[in-house]
$ cat query.pdb   # PDB, C-alpha atoms
ATOM      1  CA  MET A  13       0.172  11.571 -11.830  1.00  0.00           C
ATOM      2  CA  SER A  14      -2.441   9.823  -9.718  1.00  0.00           C
ATOM      3  CA  GLY A  15      -3.923  11.536  -6.689  1.00  0.00           C
ATOM      4  CA  PRO A  16      -3.905  10.505  -3.034  1.00  0.00           C
ATOM      5  CA  ARG A  17      -5.207   7.106  -2.005  1.00  0.00           C
ATOM      6  CA  TYR A  18      -7.531   6.663   0.940  1.00  0.00           C
ATOM      7  CA  PHE A  19      -7.852   3.816   3.411  1.00  0.00           C
ATOM      8  CA  ALA A  20     -10.280   3.111   6.248  1.00  0.00           C
ATOM      9  CA  VAL A  21      -9.803   1.631   9.694  1.00  0.00           C
ATOM     10  CA  ILE A  22     -12.872   0.187  11.421  1.00  0.00           C
ATOM     11  CA  PRO A  23     -12.269  -0.656  15.104  1.00  0.00           C
ATOM     12  CA  ALA A  24     -14.747  -3.433  15.880  1.00  0.00           C
ATOM     13  CA  ALA A  25     -13.142  -5.460  18.676  1.00  0.00           C
ATOM     14  CA  GLY A  26     -15.538  -4.278  21.390  1.00  0.00           C
ATOM     15  CA  ARG A  27     -17.909  -6.703  23.062  1.00  0.00           C
ATOM     16  CA  SER A  28     -21.170  -4.670  22.884  1.00  0.00           C
ATOM     17  CA  VAL A  29     -21.458  -4.734  26.676  1.00  0.00           C
ATOM     18  CA  ARG A  30     -23.967  -1.884  26.812  1.00  0.00           C
ATOM     19  CA  MET A  31     -26.159  -3.488  24.156  1.00  0.00           C
ATOM     20  CA  GLY A  32     -26.124  -6.976  25.624  1.00  0.00           C
ATOM     21  CA  SER A  33     -25.693  -8.529  22.153  1.00  0.00           C
ATOM     22  CA  PRO A  34     -23.360  -8.084  19.153  1.00  0.00           C
ATOM     23  CA  LYS A  35     -24.763  -4.824  17.791  1.00  0.00           C
ATOM     24  CA  LEU A  36     -22.885  -5.027  14.495  1.00  0.00           C
ATOM     25  CA  LEU A  37     -24.812  -8.200  13.666  1.00  0.00           C
ATOM     26  CA  LEU A  38     -28.251  -6.756  14.442  1.00  0.00           C
ATOM     27  CA  PRO A  39     -30.677  -6.704  11.485  1.00  0.00           C
ATOM     28  CA  TRP A  40     -30.838  -3.547   9.396  1.00  0.00           C
ATOM     29  CA  GLN A  41     -32.945  -3.216   6.250  1.00  0.00           C
ATOM     30  CA  GLY A  42     -32.717  -6.873   5.302  1.00  0.00           C
ATOM     31  CA  LYS A  43     -29.030  -7.201   6.161  1.00  0.00           C
ATOM     32  CA  ARG A  44     -26.923  -6.499   9.239  1.00  0.00           C
ATOM     33  CA  VAL A  45     -25.519  -3.264  10.611  1.00  0.00           C
ATOM     34  CA  ILE A  46     -21.949  -4.134   9.561  1.00  0.00           C
ATOM     35  CA  ASP A  47     -23.065  -5.184   6.066  1.00  0.00           C
ATOM     36  CA  HIS A  48     -24.410  -1.698   5.387  1.00  0.00           C
ATOM     37  CA  LEU A  49     -21.348   0.120   6.669  1.00  0.00           C
ATOM     38  CA  LEU A  50     -19.000  -2.014   4.589  1.00  0.00           C
ATOM     39  CA  ALA A  51     -21.163  -1.629   1.484  1.00  0.00           C
ATOM     40  CA  HIS A  52     -20.962   2.156   1.862  1.00  0.00           C
ATOM     41  CA  TYR A  53     -17.175   2.053   2.126  1.00  0.00           C
ATOM     42  CA  GLN A  54     -16.945  -0.227  -0.909  1.00  0.00           C
ATOM     43  CA  ALA A  55     -19.074   2.219  -2.916  1.00  0.00           C
ATOM     44  CA  SER A  56     -16.867   5.167  -1.932  1.00  0.00           C
ATOM     45  CA  ARG A  57     -13.442   6.368  -3.037  1.00  0.00           C
ATOM     46  CA  VAL A  58     -11.794   4.417  -0.209  1.00  0.00           C
ATOM     47  CA  GLU A  59      -9.317   1.975  -1.728  1.00  0.00           C
ATOM     48  CA  HIS A  60      -8.889  -0.499   1.120  1.00  0.00           C
ATOM     49  CA  VAL A  61     -10.815  -1.180   4.344  1.00  0.00           C
ATOM     50  CA  VAL A  62      -9.373  -2.871   7.425  1.00  0.00           C
ATOM     51  CA  LEU A  63     -11.663  -4.071  10.201  1.00  0.00           C
ATOM     52  CA  VAL A  64     -10.142  -5.031  13.538  1.00  0.00           C
ATOM     53  CA  ALA A  65     -12.199  -7.679  15.343  1.00  0.00           C
ATOM     54  CA  HIS A  66     -12.074  -9.722  18.531  1.00  0.00           C
ATOM     55  CA  PRO A  67     -10.700 -13.166  17.631  1.00  0.00           C
ATOM     56  CA  ASP A  68     -13.768 -14.878  19.133  1.00  0.00           C
ATOM     57  CA  ASP A  69     -16.265 -12.927  16.982  1.00  0.00           C
ATOM     58  CA  HIS A  70     -16.402 -15.542  14.229  1.00  0.00           C
ATOM     59  CA  GLU A  71     -19.683 -14.374  12.681  1.00  0.00           C
ATOM     60  CA  LEU A  72     -18.494 -10.767  12.516  1.00  0.00           C
ATOM     61  CA  ILE A  73     -15.183 -11.865  10.985  1.00  0.00           C
ATOM     62  CA  ALA A  74     -17.020 -13.842   8.308  1.00  0.00           C
ATOM     63  CA  ALA A  75     -19.375 -10.925   7.611  1.00  0.00           C
ATOM     64  CA  ALA A  76     -16.519  -8.451   7.294  1.00  0.00           C
ATOM     65  CA  GLU A  77     -14.562 -10.694   4.942  1.00  0.00           C
ATOM     66  CA  ALA A  78     -17.680 -11.205   2.832  1.00  0.00           C
ATOM     67  CA  GLY A  79     -18.094  -7.419   2.761  1.00  0.00           C
ATOM     68  CA  GLY A  80     -14.649  -6.930   1.252  1.00  0.00           C
ATOM     69  CA  ALA A  81     -12.693  -5.873   4.330  1.00  0.00           C
ATOM     70  CA  GLN A  82      -9.299  -7.110   5.383  1.00  0.00           C
ATOM     71  CA  VAL A  83      -9.905  -8.497   8.867  1.00  0.00           C
ATOM     72  CA  ILE A  84      -7.332  -8.335  11.658  1.00  0.00           C
ATOM     73  CA  ALA A  85      -8.341 -10.609  14.549  1.00  0.00           C
ATOM     74  CA  HIS A  86      -5.174 -11.625  16.325  1.00  0.00           C
ATOM     75  CA  SER A  87      -4.912 -12.969  19.869  1.00  0.00           C
ATOM     76  CA  PRO A  88      -4.753 -11.472  22.369  1.00  0.00           C
ATOM     77  CA  PRO A  89      -7.552  -9.037  21.469  1.00  0.00           C
ATOM     78  CA  PRO A  90      -6.850  -5.289  21.546  1.00  0.00           C
ATOM     79  CA  VAL A  91      -7.056  -3.769  25.005  1.00  0.00           C
ATOM     80  CA  ASP A  92      -8.753  -0.590  23.765  1.00  0.00           C
ATOM     81  CA  MET A  93      -9.774   1.319  20.654  1.00  0.00           C
ATOM     82  CA  LYS A  94      -6.339   2.893  20.291  1.00  0.00           C
ATOM     83  CA  GLU A  95      -4.718  -0.513  19.993  1.00  0.00           C
ATOM     84  CA  SER A  96      -7.381  -1.542  17.464  1.00  0.00           C
ATOM     85  CA  VAL A  97      -6.527   1.509  15.371  1.00  0.00           C
ATOM     86  CA  GLN A  98      -2.822   0.746  15.655  1.00  0.00           C
ATOM     87  CA  ARG A  99      -3.363  -2.796  14.396  1.00  0.00           C
ATOM     88  CA  GLY A 100      -5.416  -1.502  11.506  1.00  0.00           C
ATOM     89  CA  LEU A 101      -2.755   1.020  10.567  1.00  0.00           C
ATOM     90  CA  ARG A 102      -0.046  -1.632  10.636  1.00  0.00           C
ATOM     91  CA  ALA A 103      -2.114  -3.762   8.269  1.00  0.00           C
ATOM     92  CA  ILE A 104      -2.581  -0.860   5.854  1.00  0.00           C
ATOM     93  CA  GLU A 105       1.107  -0.015   5.961  1.00  0.00           C
ATOM     94  CA  SER A 106       2.077  -3.621   5.261  1.00  0.00           C
ATOM     95  CA  ARG A 107      -0.390  -4.267   2.440  1.00  0.00           C
ATOM     96  CA  CYS A 108      -0.733  -0.872   0.754  1.00  0.00           C
ATOM     97  CA  SER A 109       2.566   0.986   1.368  1.00  0.00           C
ATOM     98  CA  PRO A 110       0.884   4.411   1.691  1.00  0.00           C
ATOM     99  CA  GLY A 111       2.679   7.560   0.637  1.00  0.00           C
ATOM    100  CA  PRO A 112       2.898  10.947   2.357  1.00  0.00           C
ATOM    101  CA  LEU A 113      -0.070  12.409   0.472  1.00  0.00           C
ATOM    102  CA  ASP A 114      -2.381   9.472   1.156  1.00  0.00           C
ATOM    103  CA  GLY A 115      -4.990   9.523   3.903  1.00  0.00           C
ATOM    104  CA  TRP A 116      -6.733   7.222   6.346  1.00  0.00           C
ATOM    105  CA  LEU A 117     -10.257   7.506   7.623  1.00  0.00           C
ATOM    106  CA  LEU A 118     -11.584   6.516  11.023  1.00  0.00           C
ATOM    107  CA  ALA A 119     -15.184   5.975  12.106  1.00  0.00           C
ATOM    108  CA  PRO A 120     -16.966   3.699  14.572  1.00  0.00           C
ATOM    109  CA  ALA A 121     -18.253   0.387  13.243  1.00  0.00           C
ATOM    110  CA  ASP A 122     -21.834   0.977  14.424  1.00  0.00           C
ATOM    111  CA  MET A 123     -22.774   3.622  11.823  1.00  0.00           C
ATOM    112  CA  PRO A 124     -25.003   1.942   9.204  1.00  0.00           C
ATOM    113  CA  LEU A 125     -26.243   5.355   7.998  1.00  0.00           C
ATOM    114  CA  LEU A 126     -22.736   6.537   7.101  1.00  0.00           C
ATOM    115  CA  SER A 127     -23.179   6.737   3.342  1.00  0.00           C
ATOM    116  CA  ALA A 128     -20.681   6.601   0.506  1.00  0.00           C
ATOM    117  CA  ALA A 129     -21.740  10.162  -0.332  1.00  0.00           C
ATOM    118  CA  VAL A 130     -20.652  11.391   3.101  1.00  0.00           C
ATOM    119  CA  ILE A 131     -17.370   9.483   2.935  1.00  0.00           C
ATOM    120  CA  ASP A 132     -16.654  10.924  -0.514  1.00  0.00           C
ATOM    121  CA  ALA A 133     -17.631  14.440   0.597  1.00  0.00           C
ATOM    122  CA  VAL A 134     -14.995  14.277   3.316  1.00  0.00           C
ATOM    123  CA  ILE A 135     -12.417  12.985   0.857  1.00  0.00           C
ATOM    124  CA  ALA A 136     -13.346  15.707  -1.653  1.00  0.00           C
ATOM    125  CA  ALA A 137     -12.636  18.372   0.975  1.00  0.00           C
ATOM    126  CA  ASP A 138      -9.121  17.044   1.588  1.00  0.00           C
ATOM    127  CA  THR A 139      -6.111  19.095   0.525  1.00  0.00           C
ATOM    128  CA  PRO A 140      -2.377  18.275   0.517  1.00  0.00           C
ATOM    129  CA  THR A 141      -1.874  20.590   3.502  1.00  0.00           C
ATOM    130  CA  THR A 142      -4.586  18.963   5.632  1.00  0.00           C
ATOM    131  CA  GLU A 143      -3.392  16.979   8.634  1.00  0.00           C
ATOM    132  CA  VAL A 144      -6.823  16.253  10.103  1.00  0.00           C
ATOM    133  CA  LEU A 145     -10.204  16.813   8.458  1.00  0.00           C
ATOM    134  CA  LEU A 146     -13.340  16.687  10.567  1.00  0.00           C
ATOM    135  CA  PRO A 147     -16.980  16.643   9.414  1.00  0.00           C
ATOM    136  CA  VAL A 148     -19.095  19.114  11.366  1.00  0.00           C
ATOM    137  CA  ARG A 149     -22.670  20.345  11.580  1.00  0.00           C
ATOM    138  CA  GLY A 150     -22.615  23.532  13.564  1.00  0.00           C
ATOM    139  CA  GLU A 151     -20.873  22.615  16.812  1.00  0.00           C
ATOM    140  CA  GLN A 152     -21.470  18.878  16.321  1.00  0.00           C
ATOM    141  CA  ARG A 153     -18.543  16.687  15.294  1.00  0.00           C
ATOM    142  CA  GLY A 154     -19.057  13.672  13.066  1.00  0.00           C
ATOM    143  CA  HIS A 155     -17.366  10.853  11.165  1.00  0.00           C
ATOM    144  CA  PRO A 156     -15.378   9.746   9.333  1.00  0.00           C
ATOM    145  CA  VAL A 157     -12.359  11.729  10.461  1.00  0.00           C
ATOM    146  CA  LEU A 158      -9.657  11.913   7.794  1.00  0.00           C
ATOM    147  CA  PHE A 159      -5.969  11.907   8.741  1.00  0.00           C
ATOM    148  CA  ARG A 160      -2.978  12.450   6.460  1.00  0.00           C
ATOM    149  CA  TRP A 161      -1.037   9.207   6.353  1.00  0.00           C
ATOM    150  CA  PRO A 162       2.190  10.452   8.052  1.00  0.00           C
ATOM    151  CA  LEU A 163       0.073  11.238  11.113  1.00  0.00           C
ATOM    152  CA  HIS A 164      -0.349   7.513  11.687  1.00  0.00           C
ATOM    153  CA  GLN A 165       2.958   7.512  13.542  1.00  0.00           C
ATOM    154  CA  ALA A 166       1.447   9.897  16.098  1.00  0.00           C
ATOM    155  CA  VAL A 167      -1.064   7.185  17.036  1.00  0.00           C
ATOM    156  CA  PHE A 168       1.815   4.927  18.082  1.00  0.00           C
ATOM    157  CA  ASP A 169       3.504   7.779  19.944  1.00  0.00           C
ATOM    158  CA  LEU A 170       0.486   8.518  22.158  1.00  0.00           C
ATOM    159  CA  PRO A 171       1.072   7.794  25.860  1.00  0.00           C
ATOM    160  CA  ALA A 172      -0.941   5.061  27.521  1.00  0.00           C
ATOM    161  CA  ASN A 173      -3.445   7.492  29.046  1.00  0.00           C
ATOM    162  CA  ARG A 174      -4.321   9.262  25.770  1.00  0.00           C
ATOM    163  CA  GLY A 175      -6.594   7.982  23.050  1.00  0.00           C
ATOM    164  CA  VAL A 176      -6.783   8.729  19.346  1.00  0.00           C
ATOM    165  CA  ASN A 177      -9.096  11.680  20.036  1.00  0.00           C
ATOM    166  CA  ALA A 178      -6.049  13.435  21.493  1.00  0.00           C
ATOM    167  CA  LEU A 179      -4.880  14.012  17.922  1.00  0.00           C
ATOM    168  CA  LEU A 180      -7.902  16.258  17.391  1.00  0.00           C
ATOM    169  CA  ARG A 181      -6.912  18.334  20.409  1.00  0.00           C
ATOM    170  CA  ASP A 182      -3.212  18.435  19.570  1.00  0.00           C
ATOM    171  CA  ARG A 183      -3.752  19.587  15.984  1.00  0.00           C
ATOM    172  CA  GLN A 184      -5.927  22.258  14.414  1.00  0.00           C
ATOM    173  CA  PRO A 185      -8.367  20.149  12.407  1.00  0.00           C
ATOM    174  CA  HIS A 186      -9.755  21.479   9.168  1.00  0.00           C
ATOM    175  CA  THR A 187     -13.521  21.085   8.992  1.00  0.00           C
ATOM    176  CA  VAL A 188     -16.064  20.334   6.300  1.00  0.00           C
ATOM    177  CA  GLU A 189     -19.761  21.046   6.740  1.00  0.00           C
ATOM    178  CA  ILE A 190     -21.748  17.847   6.347  1.00  0.00           C
ATOM    179  CA  ALA A 191     -25.509  18.053   6.876  1.00  0.00           C
ATOM    180  CA  ASP A 192     -26.241  14.356   6.390  1.00  0.00           C
ATOM    181  CA  GLU A 193     -27.522  12.754   9.609  1.00  0.00           C
ATOM    182  CA  GLY A 194     -25.547   9.593   8.876  1.00  0.00           C
ATOM    183  CA  ALA A 195     -22.287  11.311   9.787  1.00  0.00           C
ATOM    184  CA  TYR A 196     -23.465  11.789  13.381  1.00  0.00           C
ATOM    185  CA  GLN A 197     -25.478   8.693  14.303  1.00  0.00           C
ATOM    186  CA  ASP A 198     -23.945   5.664  15.937  1.00  0.00           C
ATOM    187  CA  ILE A 199     -25.760   2.905  17.804  1.00  0.00           C
ATOM    188  CA  ASP A 200     -24.820   3.178  21.467  1.00  0.00           C
ATOM    189  CA  THR A 201     -27.962   1.686  23.000  1.00  0.00           C
ATOM    190  CA  PHE A 202     -30.757  -0.619  21.942  1.00  0.00           C
ATOM    191  CA  ASP A 203     -33.210   2.300  22.149  1.00  0.00           C
ATOM    192  CA  VAL A 204     -31.097   4.297  19.687  1.00  0.00           C
ATOM    193  CA  TYR A 205     -30.849   1.267  17.421  1.00  0.00           C
ATOM    194  CA  SER A 206     -34.624   0.758  17.468  1.00  0.00           C
ATOM    195  CA  ARG A 207     -35.315   4.425  16.723  1.00  0.00           C
ATOM    196  CA  LEU A 208     -32.807   4.706  13.879  1.00  0.00           C
ATOM    197  CA  LYS A 209     -33.906   1.395  12.392  1.00  0.00           C
ATOM    198  CA  GLN A 210     -37.559   2.473  12.418  1.00  0.00           C
ATOM    199  CA  ASP A 211     -36.654   5.840  10.870  1.00  0.00           C
ATOM    200  CA  ALA A 212     -34.600   4.141   8.145  1.00  0.00           C
ATOM    201  CA  GLU A 213     -37.440   1.757   7.311  1.00  0.00           C
ATOM    202  CA  THR A 214     -39.948   4.614   7.255  1.00  0.00           C
ATOM    203  CA  ASN A 215     -37.820   6.688   4.913  1.00  0.00           C
ATOM    204  CA  ASP A 216     -36.819   3.793   2.672  1.00  0.00           C
TER     205      ASP A 216
END

$ encode --input "query.pdb" --output "structure tokens"
Amino acid sequence: MSGPRYFAVIPAAGRSVRMGSPKLLLPWQGKRVIDHLLAHYQASRVEHVVLVAHPDDHELIAAAEAGGAQVIAHSPPPVDMKESVQRGLRAIESRCSPGPLDGWLLAPADMPLLSAAVIDAVIAADTPTTEVLLPVRGEQRGHPVLFRWPLHQAVFDLPANRGVNALLRDRQPHTVEIADEGAYQDIDTFDVYSRLKQDAETND
């Protein structure tokens, strides 16, 4: 009997307002930020990756498709991250027909340091009784967060004023200690991007 399957949802329909430019297309070690994240997912135990994009982000859509992701970019664009996640979950349900023991992973799109080793370490810590599995380092919470597939319905049941993070408060997440810095670093500002990029190039 085969074990659980794992799927990933990447919400990427934001407009990079704080950055002033499409941060997922910024250069990173000879490629782009999104290229690295998708390559890490493809090298992991994740079976299928869905990226939800704004329909006007043509370059990002092309990059994600080239990186092996199923891209959802319908009009009108999602109004928030929760709707992006919902669209991604619908796509997984339609294409992959997940079962009750399968899982789905969620992480921001701007995490080029999120390695396949971290993704697989989270998956390896999963058990059939886990509803939510959260990488931690001390008191710090990281990504990707793993959810048992049946919990996807709870995302659709959330009221308008509650986001996906509410699931972490409503449940008692299991945790797995992950020391790797890549589980905790996303690119929120250009200064953070510049620092992480320089560190990555120095350590390469």

$ resolve_selection --input "query.pdb" --expression "the PyMOL selection byres ((chain A and resi 77-86) around 6)" --output "NGL selection string"
:A and (50 or 61-67 or 74-76 or 87)

$ closest_residue --input "query.pdb" --among "A:Pro34, A:Pro88, A:Gly15, A:Pro171" --to "Ile46 in chain A" --atoms "all atoms listed in the file"
A:Pro34

$ resolve_selection --input "query.pdb" --expression "the PyMOL selection byres ((chain A and resi 197) around 10)" --output "list of chain:residue names"
A:Pro120, A:Asp122, A:Met123, A:Pro124, A:Leu125, A:Leu126, A:Gly154, A:His155, A:Asp192, A:Glu193, A:Gly194, A:Ala195, A:Tyr196, A:Asp198, A:Ile199, A:Asp200, A:Val204, A:Tyr205, A:Leu208

$ atom_distance --input "query.pdb" --atom1 "CA of Asn177 in chain A" --atom2 "CA of Lys209 in chain A"
27.9 Å

$ resolve_selection --input "query.pdb" --expression "the PyMOL selection byres ((chain A and resi 94) around 10)" --output "list in words"
Pro23, Pro90, Val91, Asp92, Met93, Glu95, Ser96, Val97, Gln98, Arg99, Gly100, Val167, Phe168, Leu170, Ala172, Arg174, Gly175, Val176 and Asn177 of chain A

$ residues_around --input "query.pdb" --residues "Gly42 in chain A" --least-positions-apart "6" --cutoff "12 Å" --atoms "all atoms listed in the file" --output "list in words"
His48, Lys209, Ala212, Glu213 and Asp216 of chain A

$ atom_distance --input "query.pdb" --atom1 "CA of Val144 in chain A" --atom2 "CA of Leu113 in chain A"
12.4 Å

$ residues_around --input "query.pdb" --residues "Leu101 in chain A" --least-positions-apart "5" --cutoff "9 Å" --atoms "all atoms listed in the file" --output "list in words"
Ala20, Val21, Val62, Ser96, Ser106, Trp116 and His164 of chain A

$ atom_distance --input "query.pdb" --atom1 "CA of Arg17 in chain A" --atom2 "CA of Ala191 in chain A"
24.7 Å
